[in-house]
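Student: Let me give you the structure first, and then I'll get to my questions.
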Amino acid sequence: MTLKSVLFAAVAASAVATPPVAHAQQAPAVDMRSADVRAGATVKRMTTDEKTVLTHGIMPLPLGEKTPPIPADAIPGAGYIPGIERLGIPALKETDASLGVSYVMGLRKDGATALPSGVAQAASWNPDLIYRGGAMIGSEARAKGFNVLLAGGVNLMRDPRNGRTFEYLAEDPLLSGMLVGAAIRGVQSNNIISTIKHFALNGQETGRKYVDAKISEGAARESDLLAFQIGIEQGQPGSVMCAYNRVHGEQACASDWLLNTVLKQSWGYKGFVMSDWGAVPNLDAAIKGLDQQSGEQLDPGVFFGDKLKEKAAADPAYRLRLDDMNRRILTAIYAAKLDSNPVRPGGRIDFDANAKVAEEAAKQGIVLLKNKGALPLAKTAKSIAIIGGYADGGVLSGAGSSQVHGEGGPVVTRPSAGKGVWAGFIAQQYHRSSPLDAIQALAKDAKISFRDGRYIADAVEKARQAEVAIVFATQWQTEGLDVPDLSLPDGQDDLIAAVAAANPNTIVVLETGGPVKMPWLDKVSAVVEAWYPGARGGPAIASILFGDTNPSGRLPLTFPRDESQLPRPKLDGSDWVEPDFSGGPSSGSDKLISDYDIEGSDVGYRWFARQRQKALFPFGYGLSYTSFESTDLKLKGLTASFTLSNTGRRAGAEVAQLYLVSRNGEAKQRLAGFARVDLAAGASQKVTLSIEPRILADWQDGGWVMPAGEYAFALGTDAETLAAPVTVRLAARKWKD
């Protein structure tokens, strides 16, 4: 595949302050082309029986009646695909996920380092930081004996109520693609395979195996698919994991259009497509582009074993396809050097060093949303009331297959139901990183009181007695369930309003999977969005609150005022009767359509610009304890340059954002470039951005079309706060992928 000139920021290294965690030496993307040649030679040596070894595998876990024979070398994790010893092909040992090595219900009895949520990492707008996080979790996967990490979640956030919002990155295809590409490169720097997932248009958990994404090809290519395309170009993942949902009436894991037409033909992808677990509808998925059946005991049948062998023996098309399936899987194996650099369980993990990576990711991703002079707090504070959020114990994490447990497991577990799968696999869990302890460590002489927030009167009394009140408010998200609305659950909105009425110095720290409504916003002094901040979330939050870290996070998605501003105010499928864990209805029709043609490619801030609506907090927004100014924007072809200055009194980092605002006089807002730059107080720096032409173009008639004319660009502190536009005349262009 030809790597395109995707946007990058070229900044003078000498002018950038050294970050607290040293920059990692980034490994290059894997070489898929030479691996493909070698894979082709190996396929010619394979016997008929060997050709259906790599094409299917199990979930090596005790699953009751669905428990298969588990090979002796399998490790409790997401998946196991046997190797072929005669040919020197190793078994594939797979683990979830994008935020760290998942705990699989504690069956391995080990711990792992939890990165902050995907959206928290994306709020850093820092590809280098994301690379370091990927390299760290990839190293832990390798040390535990896994050679495939099911990472790389990059679905665009079309609906903030999606239960997996916390796992993904952003609502913009450029930002998402660049960041996921960096994460994948980091993971694969450990000589293991990373996925990119869930391909594609996996926009909600409600009815996730039934919902049918309706969208035009042009709109898909300019949004969700572009995020995947950029991520694949930048990261070269060994595998693409297809999604549960339907697209244009076909299951995504059996979509000829997605897997063959787009991924393999248009983009020239050389790696393999693995299914999501329980997402394979039938044998025909093979001819439609699926290369490997994962967690086969969760499907209606084992399609890619004996059934595939019999079909290939009788049908020349399937015989050729089977060779291609093996070639693609082997290409990924050889590109990652799984055969020449095999994994071995029991590797050493430096949990202290890895925790520092997680902490730095949390610090850079925390977003200061409001500050009426309340922050940073003085370390000489005499009394602080801390309320809610189990802040005396730890920080919230998202649930589902991406759930990570640190050493010792969660400090708090709150079951989501009294029995069934929800009571075990899906539960609210808090990492062992207490914000209260971290606050006390920085404000050593302060009298700190804690109330859990269940009784508002009790919380109000403690808030009234303290100089400062800090309310920790949580919104839990999980795979398998969408949130019904954007309110804070369990009466927390009322709690915050009451505490703010009792103490004018009330600070709200949000630990949420995504956007929430804030009916109390005008009543509080400061709001900090900490997301799910991972293994070292407590110290990261305290560092921001007391000013040891200058907040630099910027929102990677729009915070709407309420659900009425969304393209679909009512969540599709929310009126189904008792949806089960697979996302299907327990009664009624299985027809469920999400009409993404409503917004088309105008996802998130683009939709708000099109509707001329003002968000509660716009995409790209975030405050700092210093101030910045961007000036002197110049455009020459597809290159933009400007000067970024720190006009305040302390060092900090700014995310410079360049937006396309119009094309030939027609409003068309697109993030066209970004750069996160660290600057000392009073320092200035020239920033140069190279603009990816697909951001400026339309997908028409099977290719990209960029009309000739005047293109207007503006620098912005966020998607709604833009400087005066500068125009450049660009020539017409047409090209294929």
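Each chain in the structure tokens gets a letter, A, B, ..., in the order shown, and its residues are numbered from 1; ligands are numbered from 1 in order too.
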Among stretch 436-589 of chain A, which ones does DSSP place in alpha helix (DSSP H), written as a ChimeraX atom specification?
Tutor: /A:436-442,456-465,492-502,537-545
Student: Find the spatial neighbours of A:Gly665, counting only C-alpha atoms, within a cut-off of 9 Å - ignore same-chain residues fewer than 3 positions away - and output them as an MDAnalysis selection string.
Tutor: chainID A and resid 662 668 710:712
Student: Skip stretch 71-79 of chain A itself and residues of its chain fewer than 4 positions away, then list as a PyMOL selection string all residues within 10 Å of it, counting only C-alpha atoms.
Tutor: chain A and resi 56-62+91-97+101-109+144-146+148-150+277+294-296+345+401
Student: Distance table requested - stretch 333-393 of chain A against stretch 26-45 of chain A, cut-off 10 Å, only C-alpha atoms: one row per qualifying residue with the closest atom pair and its distance in Å to one decimal, ordered by chain and rising residue number, as a Markdown table.
Tutor:
| residue | atom | partner | partner_atom | distance |
| --- | --- | --- | --- | --- |
| A:Ile333 | CA | A:Ala35 | CA | 8.2 |
| A:Tyr334 | CA | A:Ala35 | CA | 5.4 |
| A:Ala335 | CA | A:Ala35 | CA | 5.2 |
| A:Ala336 | CA | A:Val30 | CA | 6.6 |
| A:Lys337 | CA | A:Ala35 | CA | 9.2 |
Student: Can you list, as a ChimeraX atom specification, every protein, DNA or RNA residue that comes within 9 Å of stretch 648-651 of chain A when you count only C-alpha atoms, leaving out same-chain residues fewer than 4 positions away?
Tutor: /A:17,550,625-628,678-683
Student: Using only C-alpha atoms, pick whichever of A:Val412, A:Leu495, A:Leu566, A:Ala381 has the shortest atom-to-atom distance to A:Lys447.
Tutor: A:Ala381
Student: Out of A:Arg610, A:Lys734, A:Ala535, A:Ile84, which residue has the shortest atom-to-atom distance to A:Asp339 when counting only C-alpha atoms?
Tutor: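 Using only C-alpha atoms, A:Asp339 sits closest to A:Ile84.
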Student: Which residue out of A:Val705, A:Ala151, A:Ala200, A:Leu175 has the minimum interatomic distance to A:Ala254 when only C-alpha atoms are used?
Tutor: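 Counting only C-alpha atoms, the residue closest to A:Ala254 is A:Ala200.
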Student: What does the distance from atom CA of A:Cys253 to atom CA of A:Thr55 come to in Å, to one decimal?
Tutor: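 Answer for the atom CA of A:Cys253 to atom CA of A:Thr55 separation: 14.1 Å.
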Student: Please provide the set of residues having any atom within 12 Å of A:Asp490, restricted to only C-alpha atoms, with same-chain residues fewer than 6 positions apart removed, written as a ChimeraX atom specification.
Tutor: /A:388-389,452-456,473-476,496
Student: Would you write out those residues with N, CA and C atoms, as a PDB file, in the first residue's frame?
Tutor:
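Saved file part-v2.pdb follows:
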ATOM      1  N   GLY A 388     -17.973  12.157  47.001  1.00  0.00           N
ATOM      2  CA  GLY A 388     -18.439  11.308  45.918  1.00  0.00           C
ATOM      3  C   GLY A 388     -17.362  10.569  45.171  1.00  0.00           C
ATOM      4  N   GLY A 389     -17.813   9.761  44.214  1.00  0.00           N
ATOM      5  CA  GLY A 389     -16.954   9.113  43.243  1.00  0.00           C
ATOM      6  C   GLY A 389     -15.991   8.083  43.795  1.00  0.00           C
ATOM      7  N   ASP A 452     -19.371  10.098  50.875  1.00  0.00           N
ATOM      8  CA  ASP A 452     -19.593   9.357  49.627  1.00  0.00           C
ATOM      9  C   ASP A 452     -20.657   9.965  48.737  1.00  0.00           C
ATOM     10  N   GLY A 453     -21.429  10.927  49.248  1.00  0.00           N
ATOM     11  CA  GLY A 453     -22.404  11.626  48.417  1.00  0.00           C
ATOM     12  C   GLY A 453     -23.766  10.967  48.345  1.00  0.00           C
ATOM     13  N   ARG A 454     -23.949   9.861  49.042  1.00  0.00           N
ATOM     14  CA  ARG A 454     -25.264   9.210  48.991  1.00  0.00           C
ATOM     15  C   ARG A 454     -26.332  10.063  49.663  1.00  0.00           C
ATOM     16  N   TYR A 455     -25.939  10.759  50.723  1.00  0.00           N
ATOM     17  CA  TYR A 455     -26.874  11.633  51.424  1.00  0.00           C
ATOM     18  C   TYR A 455     -26.462  13.078  51.182  1.00  0.00           C
ATOM     19  N   ILE A 456     -27.305  13.799  50.475  1.00  0.00           N
ATOM     20  CA  ILE A 456     -26.954  15.167  50.091  1.00  0.00           C
ATOM     21  C   ILE A 456     -26.772  16.058  51.312  1.00  0.00           C
ATOM     22  N   ALA A 473     -17.621  13.385  40.324  1.00  0.00           N
ATOM     23  CA  ALA A 473     -18.856  12.894  39.708  1.00  0.00           C
ATOM     24  C   ALA A 473     -18.514  11.882  38.625  1.00  0.00           C
ATOM     25  N   THR A 474     -19.242  10.782  38.585  1.00  0.00           N
ATOM     26  CA  THR A 474     -18.900   9.693  37.681  1.00  0.00           C
ATOM     27  C   THR A 474     -20.056   9.323  36.756  1.00  0.00           C
ATOM     28  N   GLN A 475     -19.675   8.914  35.560  1.00  0.00           N
ATOM     29  CA  GLN A 475     -20.610   8.325  34.590  1.00  0.00           C
ATOM     30  C   GLN A 475     -19.937   7.069  34.061  1.00  0.00           C
ATOM     31  N   TRP A 476     -20.550   5.915  34.335  1.00  0.00           N
ATOM     32  CA  TRP A 476     -19.950   4.639  33.957  1.00  0.00           C
ATOM     33  C   TRP A 476     -20.431   4.225  32.575  1.00  0.00           C
ATOM     34  N   ILE A 496     -24.338  17.986  43.159  1.00  0.00           N
ATOM     35  CA  ILE A 496     -23.416  19.076  42.813  1.00  0.00           C
ATOM     36  C   ILE A 496     -24.071  20.427  43.049  1.00  0.00           C
TER      37      ILE A 496
END
Student: Which polymer residues have any atom within 12 Å of an atom of A:Gln265, counting only C-alpha atoms, with same-chain residues fewer than 2 positions away left out, as a short mmCIF file (atom, residue, chain, number, x, y, z; two decimals) with N, CA, C and O atoms, in the first residue's frame?
Tutor:
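File produced: out21.cif:
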data_model
loop_
_atom_site.label_atom_id
_atom_site.label_comp_id
_atom_site.auth_asym_id
_atom_site.auth_seq_id
_atom_site.Cartn_x
_atom_site.Cartn_y
_atom_site.Cartn_z
N MET A 1 0.84 -1.19 0.00
CA MET A 1 0.00 0.00 0.00
C MET A 1 0.88 1.25 0.00
O MET A 1 1.87 1.32 0.71
N ASP A 256 -19.02 -7.77 1.65
CA ASP A 256 -18.14 -7.75 0.47
C ASP A 256 -17.67 -6.33 0.19
O ASP A 256 -16.51 -6.11 -0.19
N TRP A 257 -18.55 -5.36 0.37
CA TRP A 257 -18.18 -3.97 0.10
C TRP A 257 -17.10 -3.49 1.05
O TRP A 257 -16.07 -2.93 0.63
N LEU A 258 -17.27 -3.71 2.36
CA LEU A 258 -16.27 -3.26 3.32
C LEU A 258 -14.95 -4.00 3.18
O LEU A 258 -13.88 -3.40 3.09
N LEU A 259 -15.02 -5.34 3.18
CA LEU A 259 -13.81 -6.15 3.31
C LEU A 259 -13.06 -6.31 2.00
O LEU A 259 -11.82 -6.28 1.98
N ASN A 260 -13.79 -6.50 0.91
CA ASN A 260 -13.13 -6.68 -0.38
C ASN A 260 -12.98 -5.37 -1.14
O ASN A 260 -11.87 -4.94 -1.46
N THR A 261 -14.11 -4.70 -1.42
CA THR A 261 -14.06 -3.51 -2.26
C THR A 261 -13.24 -2.39 -1.64
O THR A 261 -12.35 -1.82 -2.28
N VAL A 262 -13.53 -2.06 -0.37
CA VAL A 262 -12.86 -0.92 0.26
C VAL A 262 -11.48 -1.32 0.79
O VAL A 262 -10.46 -0.77 0.37
N LEU A 263 -11.45 -2.27 1.71
CA LEU A 263 -10.21 -2.56 2.44
C LEU A 263 -9.13 -3.18 1.56
O LEU A 263 -7.99 -2.71 1.54
N TRP A 267 -7.90 0.08 -0.88
CA TRP A 267 -6.77 0.49 -0.04
C TRP A 267 -5.56 -0.41 -0.21
O TRP A 267 -4.48 -0.07 0.27
N GLY A 268 -5.71 -1.57 -0.83
CA GLY A 268 -4.58 -2.46 -1.03
C GLY A 268 -4.03 -3.07 0.24
O GLY A 268 -2.84 -3.37 0.34
N TYR A 269 -4.89 -3.31 1.21
CA TYR A 269 -4.44 -3.84 2.50
C TYR A 269 -3.93 -5.27 2.36
O TYR A 269 -4.57 -6.12 1.73
N LYS A 270 -2.76 -5.57 2.94
CA LYS A 270 -2.10 -6.86 2.79
C LYS A 270 -2.30 -7.80 3.98
O LYS A 270 -2.01 -8.99 3.87
N GLY A 289 -14.64 -11.82 2.19
CA GLY A 289 -13.47 -11.09 2.64
C GLY A 289 -12.97 -11.39 4.04
O GLY A 289 -11.91 -10.90 4.43
N GLY A 702 -16.20 6.96 -7.26
CA GLY A 702 -15.11 6.02 -7.06
C GLY A 702 -13.74 6.63 -6.84
O GLY A 702 -12.73 5.92 -6.95
N LYS A 736 -7.41 8.29 -7.26
CA LYS A 736 -7.93 7.09 -6.62
C LYS A 736 -7.10 6.82 -5.37
O LYS A 736 -6.00 7.34 -5.20
N ASP A 737 -7.61 5.96 -4.48
CA ASP A 737 -6.84 5.56 -3.31
C ASP A 737 -5.57 4.83 -3.73
O ASP A 737 -5.55 4.12 -4.72
#
Student: Which residue is closest to A:Leu660? Choose from A:Gln492, A:Ser194, A:Ser690, A:Thr727 and count only C-alpha atoms.
Tutor: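 For A:Leu660, the nearest of the candidates is A:Thr727.
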Student: Which of these, A:Leu638, A:Leu330, A:Ala313, A:Leu545, has the shortest distance to A:Lys379 once you count only C-alpha atoms?
Tutor: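 Of A:Leu638, A:Leu330, A:Ala313, A:Leu545, the one nearest A:Lys379 is A:Leu545, counting only C-alpha atoms.
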Student: For A:Leu696, please output as a PyMOL selection string all residues within 8 Å (counting only C-alpha atoms; exclusion window: fewer than 2 positions along the same chain).
Tutor: chain A and resi 660+670+672+692-694+698+706
Student: For a quick check of understanding, using only C-alpha atoms, which of A:Val53, A:Ala114, A:Val471, A:Leu616 has the smallest distance to A:Gln403?
Tutor: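 Under the stated criterion, the closest residue is A:Ala114.
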Student: Please, what distance in Å, to one decimal, runs between atom CA of A:Gln229 and atom CA of A:Thr688?
Tutor: 23.6 Å
Student: Can you tell me how far atom CA of A:Gly301 sits from atom CA of A:Ile192, in Å to one decimal?
Tutor: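 Rounded to one decimal, the two atoms are 28.9 Å apart.
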Student: Where does DSSP see strand (DSSP E or B) in stretch 281-480 of chain A, if you list the residues as an MDAnalysis selection string?
Tutor: chainID A and resid 292:293 367:371 383:387 395:397 399 412:415 427:431 447:451 468:475 478
Student: Would you put the residues from that selection into a file with C-alpha atoms, as a short mmCIF file (atom, residue, chain, number, x, y, z; two decimals), in the first residue's frame?
Tutor:
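Saved result, out-v2.cif, follows:
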data_model
loop_
_atom_site.label_atom_id
_atom_site.label_comp_id
_atom_site.auth_asym_id
_atom_site.auth_seq_id
_atom_site.Cartn_x
_atom_site.Cartn_y
_atom_site.Cartn_z
CA GLN A 292 -10.16 -15.75 10.22
CA GLN A 293 -13.01 -16.87 12.49
CA VAL A 367 -9.21 18.90 30.28
CA LEU A 368 -9.90 22.04 32.29
CA LEU A 369 -13.41 23.05 31.22
CA LYS A 370 -14.12 25.96 33.57
CA ASN A 371 -12.04 28.03 35.97
CA SER A 383 -9.61 22.37 54.84
CA ILE A 384 -10.92 20.47 51.84
CA ALA A 385 -14.15 18.51 51.56
CA ILE A 386 -14.00 15.67 49.06
CA ILE A 387 -17.35 14.27 48.03
CA VAL A 395 -10.73 6.14 39.99
CA LEU A 396 -13.44 4.74 37.72
CA SER A 397 -12.74 2.56 34.68
CA ALA A 399 -16.09 -2.09 31.51
CA VAL A 412 -14.10 -1.01 44.54
CA THR A 413 -16.44 -3.22 42.52
CA ARG A 414 -20.05 -2.22 42.11
CA PRO A 415 -22.12 -4.94 40.39
CA ALA A 427 -19.38 -4.26 36.77
CA GLN A 428 -18.26 -0.79 37.79
CA GLN A 429 -14.65 -1.11 38.90
CA TYR A 430 -12.23 1.43 40.34
CA HIS A 431 -8.46 1.32 39.91
CA LYS A 447 -7.85 18.83 57.10
CA ILE A 448 -9.54 16.61 54.55
CA SER A 449 -13.01 15.18 55.06
CA PHE A 450 -14.74 12.67 52.80
CA ARG A 451 -18.39 11.87 52.20
CA VAL A 468 -12.89 24.18 49.22
CA ALA A 469 -15.31 21.45 48.16
CA ILE A 470 -14.32 18.99 45.44
CA VAL A 471 -17.10 16.83 44.05
CA PHE A 472 -16.03 13.74 42.11
CA ALA A 473 -18.86 12.89 39.71
CA THR A 474 -18.90 9.69 37.68
CA GLN A 475 -20.61 8.32 34.59
CA THR A 478 -19.48 -0.36 29.32
#
